[in-house]
Structure formats: C-alpha cells, structure tokens
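I have placed the structure first, in the form of structure tokens, so that the comments after it can refer back to it.
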Protein chains: 2
Amino acid sequence: MPLTLEDIAKISGVSRSTVSRVINRDRRVSPVTRERVLKIIEDYNFYPNLAARGLASGHTNVLGVVIPAGVPSLFTDPYFPILLQGVSTACNRQDYSVMLSISDVKFEKRLVGRLVQNHLVDGVIVASTLIGDPIQTTLANSDLPFVIIGRQPNLVANVIDVDNRQAVHQATDFLIKQGYTRIATITGPLNQMAGVDRLEGYKDALISAGMKLDPRLIAEGNFTEAGGYFGMKALLQFMPDAVFAASDVTAMGAIRCLNEAGLRVPDDIGLIGFDDIPASSTVTPSLTTIRQPIQGMGEAAANLLIEIIESGSKESHCISLPTELVIRNSTARVNHNQQLKDEEIVQTMIKEEIENSLLTRPVQS
Amino acid sequence: MPLTLEDIAKISGVSRSTVSRVINRDRRVSPVTRERVLKIIEDYNFYPNLAARGLASGHTNVLGVVIPAGVPSLFTDPYFPILLQGVSTACNRQDYSVMLSISDVKFEKRLVGRLVQNHLVDGVIVASTLIGDPIQTTLANSDLPFVIIGRQPNLVANVIDVDNRQAVHQATDFLIKQGYTRIATITGPLNQMAGVDRLEGYKDALISAGMKLDPRLIAEGNFTEAGGYFGMKALLQFMPDAVFAASDVTAMGAIRCLNEAGLRVPDDIGLIGFDDIPASSTVTPSLTTIRQPIQGMGEAAANLLIEIIESGSKESHCISLPTELVIRNSTARVNHNQQLKDEEIVQTMIKEEIENSLLTRPVQS
DNA sequence: TTTAGTAACAAAACAGATTGACCAAGAGTT
DNA sequence: AACTCTTGGTCAATCTGTTTTGTTACTAAA
C-alpha cells in the first residue's frame with residue numbers, strides 16, 4: 001500500500017496541510033519544519049497520488065499531444081519523433097507528463113471529447129492538423145488551453161510556427177542565383193498550411209525574379225518519399241533544371257526517381273529540400289535544405305502551453321522560430337559555380353527576423 | 001464549469017450512485033431508468049471527471065509507454081512511431097489512453113518514480129531497453145503491471161517479442177543458399193538483446209552450414225544509418241560477398257557506403273536487412289529483409305497489458321510474434337540465380353512456429 | 001399471513017490530496 | 001499593558017467519483 005500525505009504527516013508530527021504546503025512550496029512553513037518533512041518524504045520515497053491532487057487542485061500537470069489521423073508521413077518522416085522528443089524534454093523539465101493521442105478516424109470524436117471534457121490534461125498541443133479539421137473548432141469552443149504547431153487560416157489561437165513562405169522564398173532565390181532557370185516544385189499536401197505556404201513562397205520567388213509561373217512545373221506531393229518519386233516523375237517530361245521539394249523525405253523520393261532516369265544531381269538537376277532531417281547530410285549527394293528547428297518547436301509549444309496554463313492568460317500568442325538555409329551539394333553546379341566542398345556552408349536567414357521572431361508576440365485576444 | 005455526476009443525478013431525478021451505476025454498466029439499474037439517464041448524459045454531453053474516478057476506483061485507464069534515453073535510433077528509425085501507433089490503436093479500442101515517457105538521462109529516475117509511485121498509469125510498456133537497465137528491476141520490484149517489448153536476460157516478466165535468433169538464422173541460410181560464401185554482418189547495439197540475438201542467429205547459420213566464423217566479418221553497429229555506413233566501411237577491406245545488416249536503416253547506410261566504393265548490390269555484394277520499414281521496398285535495389293510486425297507488437301503489448309491489469313493475473317506471459325523473410329532484389333545475384341522480378345516473393349517462415357507463437361503462453365510466476 | 005429473498009434505488013462513507021478559515025504565540029507599537 | 005501584525009500551523013470543507021450499506025417495495029415460498 002503506498003503512503004499518503006496523512007502517513008507522512010503522522011511520521012513527521014505535523015498536520016496533513018503542512019506536508020501539502022511543503023510539497024507545493026508554499027512559503028508559510030518554517031525552514032526547519034520544511035527540511036524535516038522533506039527528509040522524511042525522501043526517506044520514505046513518498047509521491048503524492050496524482051488523481052487526488054488533480055481532483056483537489058483542478059489540474060493534472062499533463063499535456064496532451066494530438067496527432068491527427070490520416071497523416072501519411074507519420075511513419076516515414078522523422079518529424080514526429082523529433083517533435084515529440086522536444087515536447088517531452090520541455091515537459092520533463094517542468095514536471096509535466098505527456099499524453100499522446102494518435103487519433104484514429106474511427107475514434108477521433110470520442111478521443112477529443114475525452115481529452116477536452118474530462119480533465120485528463122491541462123492543455124493540448126496539436127501537431128500538423130489539416131486545414132479546417134474540426135478538432136480546431138472543438139478546442140476553440142472549449143475552455144481548454146491549446147497550442148497549434150503550424151498556423152491555421154481563420155483561427156485565432158496560440159501558434160508555434162516557422163515562416164514557411166519566407167524561408168522557401170529565400171531558398172528559391174538561392175536556386176535562381178545559382179543560375180537555374182526552369183525551377184519546379186514538388187509540394188506538400190495542400191490541405192495543410194505548411195504545404196500551401198511553401199508553395200506560395202516558391203511562387204513569390206519566381207514572380208519577384210520576373211520569371212513566369214509554369215503550372216506544369218508544380219507537382220503535388222504529400223511529404224512522403226513516394227510522393228517525391230511520383231512528383232518528380234511527373235515533372236521530368238517538362239524538363240526542369242531544379243526542384244524545390246517541400247520536405248527532405250520528398251526530396252529523397254525525387255533523388256530516387258532521378259537516379260533511375262539517369263540524371264545527376266546537381267549537374268543535371270538542382271534540388272532543395274525542407275526540414276534538414278538527419279538523413280539529409282548523409283544522402284548522396286548531400287541535400288541543400290531549409291533547416292527548421294523541429295525539436296525546438298516541440299519545446300516551444302510545451303513551454304508556451306505551460307506558461308498559458310499557469311498564468312491563465314487569455315491572449316493568443318504566436319511564436320515564429322527561425323529557419324536557416326543549409327547549403328550542401330545538391331545545388332552545387334559544376335559548370336556554374338565552383339564545386340562546394342564537403343563542409344557545409346550555413347547561411348543564416350535575415351538576422352532581424354530571427355531576433356524578432358524569438359519574442360512572444362501577443363495578438364488580439 | 002463542467003457537469004458532474006451530481007448535476008446529472010439532479011436533472012434525472014435519481015441519486016448520484018445510480019448515475020454512476022449507469023455509466024459503469026452495473027446491472028442493478030432498471031432498463032427504463034438506465035435509458036433515461038443515458039439520454040440525459042448524451043444530451044448534456046457529460047464526461048466523468050477522470051481524476052475523481054481514478055481516486056475513487058484506484059485505476060486511471062492510462063498506460064505508460066517508456067522509451068529509454070540514449071537510444072540513438074529514436075530519431076531516424078520509423079520503428080518507434082509505428083510501435084506507438086500500434087499501442088495507440090489498441091488503447092483507443094479499449095478506452096485507454098497513452099502516456100508517453102521519452103526518458104531523459106537527467107530525469108530518468110524521477111520519471112520512473114512518478115510513473116510507478118503515484119498512480120498516474122495502470123501499467124507500463126517498456127520499449128527497447130538496454131540490457132540491465134535499472135528500470136527493469138524498478139518495475140519488477142513495484143507492483144505495477146508491465147510488459148517489455150523485446151526479451152531481457154534473467155528477467156521473468158511479460159514479454160512481447162519476435163524470435164530474432166531464429167529469423168536471422170533463416171535469413172542467413174538464404175544467403176548461403178544463394179551461393180554467397182563470405183557472409184558478414186553489421187550488428188545492432190550489443191547492449192540490446194535484439195542486437196545480441198540477431199548476431200547469434202547469424203553465427204548459428206554459419207556454424208550449422210559448416211562455415212567458419214571470421215570475427216573480421218562482424219562489425220558492430222547501432223541500428224543507425226551511420227552505423228551501417230561505417231560498419232560497411234570497416235568490413236570492406238575483408239572482402240565479404242554478402243552482409244546481414246541488423247536493421248533496414250543499417251542496411252541503407254551500408255548501401256551508401258557500397259555505392260561510394262563503386263560496388264554493386266546484389267552482384268558484388270548481397271544484402272539483407274531487418275524490419276521491413278516502408279523505405280525498404282523503394283530503395284534501389286529493393287531490400288531483402290526480415291519483416292517483423294512492429295505495429296502488431298505494439299498492439300499486442302497494449303492488449304496483453306490491459307488484460308493483465310483487468311484480470312489481475314500474476315503469471316508472466318510471453319508472446320512471440322511471427323516474422324517473414326521478404327525477398328527482394330538486394331540478394332538476387334545475376335550470375336548465380338535468375339534475376340528476381342519486381343514483384344516480391346514472400347516466403348513465410350516455418351509455419352508451425354507461427355501458429356504456436358500466436359498463443360499466449362504462461363510461464364512460471 | 002408471515003418470512004425470506006431480491007430488485008431498484010438512496011444515503012453515506014470513502015479515496016487522498018488542496019486550500020481557505022481560523023488560532024496561538026511571539027514581535028513590534030504606542 | 002493593551003493592541004495589532006506576522007509567523008507557522010491546525011482544522012475542516014472541498015473536489016467528483018465509486019462502493020458499501022441501508023431502505024423500500026415487491027414477489028415467491030412456507
């Protein structure tokens with residue numbers, strides 16, 4: 001039978017409430033009593049019953065992480081484990097636990113109901129939702145604090161994001177500067193904002209460089225390897241000389257397709273990805289890519305959520321984390337520029353933006 | 001303010017206990033009352049407070065999943081997301097939730113303490129622990145039910161596993177049958193049983209084929225791509241003509257190394273992996289591999305744990321799931337056998353074993 | 001017609017924390 | 001000396017369910 005507060009109180013010769021205050025760092029306990037009780041708690045290896053604590057205090061110190069159903073890249077993209085690691089790290093540090101909901105079409109409604117209604121978690125982090133996913137409005141209508149990773153249209157909420165559009169704009173500019181002229185893209189799923197924004201960034205760059213958009217050079221992908229492969233296959237007939245792939249995994253698929261077609265990267269076709277997953281630096285050729293701080297986004301989401309929970313703030317916060325363009329060999333044309341050596345050249349994106357974006361900016365409430 | 005049992009009771013004109021009975025499917029409620037109360041619960045969208053329920057009933061309907069710190073493949077191997085998906089699916093189906101503990105060296109002790117001591121979860125699933133990880137004894141000494149994925153030496157516990165040794169034995173036999181003679185291996189981390197068992201299976205096959213073991217043909221890896229790359233690099237000087245890589249990701253690293261060295265798979269070197277992750281069928285050449293039912297293992301672990309929790313069984317159960325050898329192009333020597341076509345030939349492993357292993361076998365308690 | 005048994009529900013006792021109200025003792029003021 | 005603060009604590013209410021015990025009304029058996 002596990003110990004209770006009552007037991008500890010009896011052993012230390014104080015009342016239950018005093019022990020509770022010691023545990024909760026209430027300052028109305030004399031240092032000497034505090035020390036004595038703490039020692040006993042330590043000695044007896046006592047942990048308070050979280051259910052009781054949750055019932056009495058109204059909070060559980062648990063954050064929910066919802067990963068929606070129907071995300072094809074869940075199994076193949078290291079994005080999710082890295083994100084989870086970030087959330088987990090931040091939670092560990094602040095004595096929160098992580099409740100994982102990989103939702104399932106069949107159980108989605110019930111799952112979210114449970115999460116929202118029955119006080120299992122103090123707040124929720126939502127990762128890569130589809131545009132218009134009902135979970136957003138469910139959460140918005142509840143009084144449960146939540147943070148969305150990746151902005152959503154028409155939704156005032158707490159958001160952690162990177163500036164996808166701007167980042168891709170820059171990366172595409174880089175391709176243009178390298179002398180590529182028929183620049184194509186394999187998009188992400190266009191039912192996710194990240195997919196849409198990255199496509200817009202690509203368009204922005206071409207337009208502002210005075211190049212014309214050719215719809216035949218845009219292939220829709222879905223952040224998977226297979227999506228990259230088939231996207232590339234579709235593009236090949238229109239002879240692009242460079243491709244922006246909306247994720248690194250997509251780029252890997254494109255490389256496979258190009259290898260099969262006997263085309264060489266970067267000489268025949270330049271390639272840029274997005275994410276900078278571990279494999280990007282080891283693939284041949286190593287992949288030029290836009291690095292986003294995936295783990296950092298997980299941590300930021302958890303930290304923001306915890307802050308909101310504990311402060312009870314009703315404002316909406318948007319945090320945009322910085323990206324960098326990591327230049328490797330997949331864009332190093334022999335004929336046009338000198339071949340880049342193995343070492344990576346990291347070009348940090350606009351400095352001011354980084355500095356600004358690190359701050360939490362309250363938006364309308 | 002959310003509704004409580006009391007509210008529902010008042011609305012339906014019965015007592016709190018009756019509402020509780022309705023929710024918990026206690027049969028001592030007349031059908032007509034039950035229907036009326038159920039309707040009200042539905043109408044008012046009532047969900048019971050889980051903290052209160054946990055306090056009163058002593059269980060939370062939450063399973064913990066512990067992924068230990070210091071697993072380098074966590075970020076790069078799709079193993080973990082797939083496993084989690086399995087656990088999650090099984091839990092959803094039975095109204096359990098999943099609490100994720102990606103433990104962190106720094107917080108490990110506290111984390112496990114919390115998990116074990118304060119009734120946050122009803123049971124724990126432990127994935128890929130290191131041999132001798134103290135978490136095992138901590139759990140074994142607690143009265144918290146737990147299931148380990150992947151057997152551990154000297155530990156009587158509930159285990160979900162595949163027969164790594166036997167599966168690798170078969171796969172290596174297949175290499176031998178294909179005519180390869182200098183068969184090397186890149187192992188997994190030898191501080192995990194899966195790593196050790198797969199190495200033993202490799203040795204078994206060579207020995208029982210009357211071939212002699214050459215320690216220079218054994219390179220230690222760690223289930224990562226980089227491990228495969230450097231392992232292959234180390235092996236190359238001893239001129240193997242086939243390699244068993246202890247995971248598919250490891251095999252990908254080996255392929256990269258071989259490409260750089262100008263060697264072709266399968267003609268110069270045959271290659272077999274383990275797992276059958278999605279990428280294995282799309283990589284060039286497609287990878288012959290031992291498929292293990294990762295998602296199935298997650299589901300099995302959750303189902304077993306829930307069964308143990310609800311039955312209160314004190315016996316230890318071991319469930320071994322079947323594997324299959326999936327033959328693709330990385331072992332299809334042109335000179336020795338006819339080239340295998342694109343379609344996969346799936347050779348199911350010893351049939352009897354599969355049938356046996358699907359049963360839960362109680363072991364000594 | 002009792003008596004026992006049972007069905008259907010209510011009432012009340014928990015479960016193990018948190019937290020506001022209250023109180024005693026000593027310190028500081030005037 | 002009387003009064004007010006502050007400090008450090010105790011007491012008891014509270015949170016929302018589950019579960020045991022109690023009560024009533026009815027049916028079946030003696």
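Identifiers in this document derive from the order of the structure tokens: chains are assigned A, B, ..., residues are numbered from 1 separately in each chain, and ligands are numbered from 1 in order of occurrence.
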Using only C-alpha atoms (C1' of nucleotides), tabulate the residues of chain C lying at most 9 Å from any atom of chain B, each with its closest atom pair and that distance in Å to one decimal, by chain and increasing residue number, as a Markdown table.
```
| residue | atom | partner | partner_atom | distance |
| --- | --- | --- | --- | --- |
| C:DA7 | C1' | B:Arg28 | CA | 7.5 |
| C:DA8 | C1' | B:Val29 | CA | 6.2 |
| C:DC9 | C1' | B:Thr18 | CA | 7.0 |
| C:DA10 | C1' | B:Ser15 | CA | 6.2 |
| C:DA11 | C1' | B:Ser15 | CA | 8.8 |
| C:DC14 | C1' | B:Ala56 | CA | 8.0 |
| C:DA15 | C1' | B:Ala56 | CA | 4.9 |
| C:DG16 | C1' | B:Leu55 | CA | 7.4 |
```
Please dump the current selection as a compact mmCIF listing (two decimals), in the first residue's frame; keep C-alpha atoms (C1' of nucleotides).
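The resulting file, part_15.txt, is reproduced below:
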```
# COMPACT_ATOMS: atom_id res chain seq x y z
C1' DA C 7 -34.72 -5.70 -7.32
C1' DA C 8 -34.01 -0.81 -7.51
C1' DC C 9 -32.58 2.83 -5.65
C1' DA C 10 -30.87 6.37 -1.93
C1' DA C 11 -27.66 7.73 1.59
C1' DC C 14 -14.79 6.74 1.47
C1' DA C 15 -10.37 7.90 -1.83
C1' DG C 16 -6.03 11.49 -1.00
```
(message) Which of stretch 263-315 of chain B end up as helix (DSSP H, G or I) when DSSP is run on this backbone - answer as a list of chain:residue names?
(response) B:Pro278, B:Ala279, B:Ser280, B:Ser281, B:Ile294, B:Gln295, B:Gly296, B:Met297, B:Gly298, B:Glu299, B:Ala300, B:Ala301, B:Ala302, B:Asn303, B:Leu304, B:Leu305, B:Ile306, B:Glu307, B:Ile308, B:Ile309, B:Glu310, B:Ser311
Just the residues within 12 Å of A:Ala140, please, counting only C-alpha atoms (C1' of nucleotides), with nothing from its chain fewer than 2 positions along; format it as a compact mmCIF listing (two decimals) with C-alpha atoms, in the first residue's frame.
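Done, and the output landed in result.txt:
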```txt
# COMPACT_ATOMS: atom_id res chain seq x y z
CA VAL A 116 -11.42 18.16 -23.64
CA GLY A 123 -3.85 21.66 -22.18
CA VAL A 124 -3.31 20.28 -25.64
CA VAL A 126 -1.95 19.90 -31.81
CA ASP A 133 -10.00 19.98 -39.16
CA PRO A 134 -12.96 20.11 -36.76
CA ILE A 135 -10.63 19.49 -33.86
CA GLN A 136 -9.66 23.14 -34.07
CA THR A 137 -13.11 24.48 -33.52
CA THR A 138 -13.80 21.88 -30.88
CA SER A 142 -13.76 24.60 -25.17
CA ASP A 143 -12.01 26.41 -22.39
CA LEU A 144 -9.04 24.08 -22.57
CA PRO A 145 -5.81 25.89 -23.41
CA PHE A 146 -4.16 24.66 -26.58
CA VAL A 147 -1.25 25.39 -28.88
CA ILE A 148 -1.19 24.55 -32.55
CA ASN A 154 -9.08 31.98 -39.77
CA LEU A 155 -8.17 30.75 -36.36
CA VAL A 156 -7.10 32.95 -33.51
CA ALA A 157 -5.05 30.63 -31.37
CA ASN A 158 -1.68 30.03 -29.83
CA LYS A 314 -6.36 34.59 -22.35
CA SER A 316 -3.26 34.44 -28.13
```
(request) Give me, as number ranges by chain, the contact residues of chain D against chain A at a cut-off of 12 Å, counting only C-alpha atoms (C1' of nucleotides). (result) D: 6-17
(message) My list of candidates is B:Ile207, B:Ala301, B:Leu3, B:Ile308. Which is closest to B:Tyr44 when distances are computed with only C-alpha atoms?
(response)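 Comparing B:Ile207, B:Ala301, B:Leu3, B:Ile308 against B:Tyr44, the winner is B:Leu3.
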(request) Please provide as a PyMOL selection string all residues within 12 Å of A:Asp214, with the sequence filter that same-chain residues fewer than 4 positions apart are discarded (counting only C-alpha atoms (C1' of nucleotides)). (result) chain A and resi 181-185+202-203+206-207+218-219+235+238-240
Those selected residues, please, written with C-alpha atoms and delivered as an mmCIF file, in the first residue's frame.
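Result went into part-v7.cif, see below:
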```cif
data_model
loop_
_atom_site.group_PDB
_atom_site.id
_atom_site.type_symbol
_atom_site.label_atom_id
_atom_site.label_comp_id
_atom_site.auth_asym_id
_atom_site.auth_seq_id
_atom_site.Cartn_x
_atom_site.Cartn_y
_atom_site.Cartn_z
ATOM 1 C CA THR A 181 16.131 28.733 -64.843
ATOM 2 C CA ARG A 182 13.443 26.085 -65.025
ATOM 3 C CA ILE A 183 12.669 25.695 -61.387
ATOM 4 C CA ALA A 184 9.961 23.245 -60.414
ATOM 5 C CA THR A 185 8.463 22.246 -57.103
ATOM 6 C CA TYR A 202 8.107 29.286 -54.265
ATOM 7 C CA LYS A 203 5.726 31.347 -56.359
ATOM 8 C CA LEU A 206 9.735 33.275 -59.174
ATOM 9 C CA ILE A 207 7.434 36.250 -59.537
ATOM 10 C CA ILE A 218 4.267 22.268 -59.984
ATOM 11 C CA ALA A 219 3.574 18.722 -58.838
ATOM 12 C CA LEU A 235 7.844 16.794 -63.674
ATOM 13 C CA PHE A 238 8.698 19.212 -68.659
ATOM 14 C CA MET A 239 12.443 19.305 -68.182
ATOM 15 C CA PRO A 240 13.040 21.324 -65.046
#
```
(request) Would you mind listing what lies within 6 Å of stretch 220-231 of chain A as a VMD selection string, with only C-alpha atoms (C1' of nucleotides) counted and same-chain residues fewer than 4 positions away left out? (result) chain A and resid 73 186 to 189 247 249 to 251 253 to 254 257
(request) Quick one: pull the distance between atom CA of B:Val112 and atom CA of B:Gly64, Å, one decimal. (result)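 It comes out at 10.1 Å.
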(request) Identify, on the basis of only C-alpha atoms (C1' of nucleotides), every residue whose closest approach to D:DT21 does not exceed 10 Å; exclude the query and any residue fewer than 2 positions from it along the same chain; express the result as a PyMOL selection string. (result) (chain C and resi 11-13) or (chain D and resi 19+23)
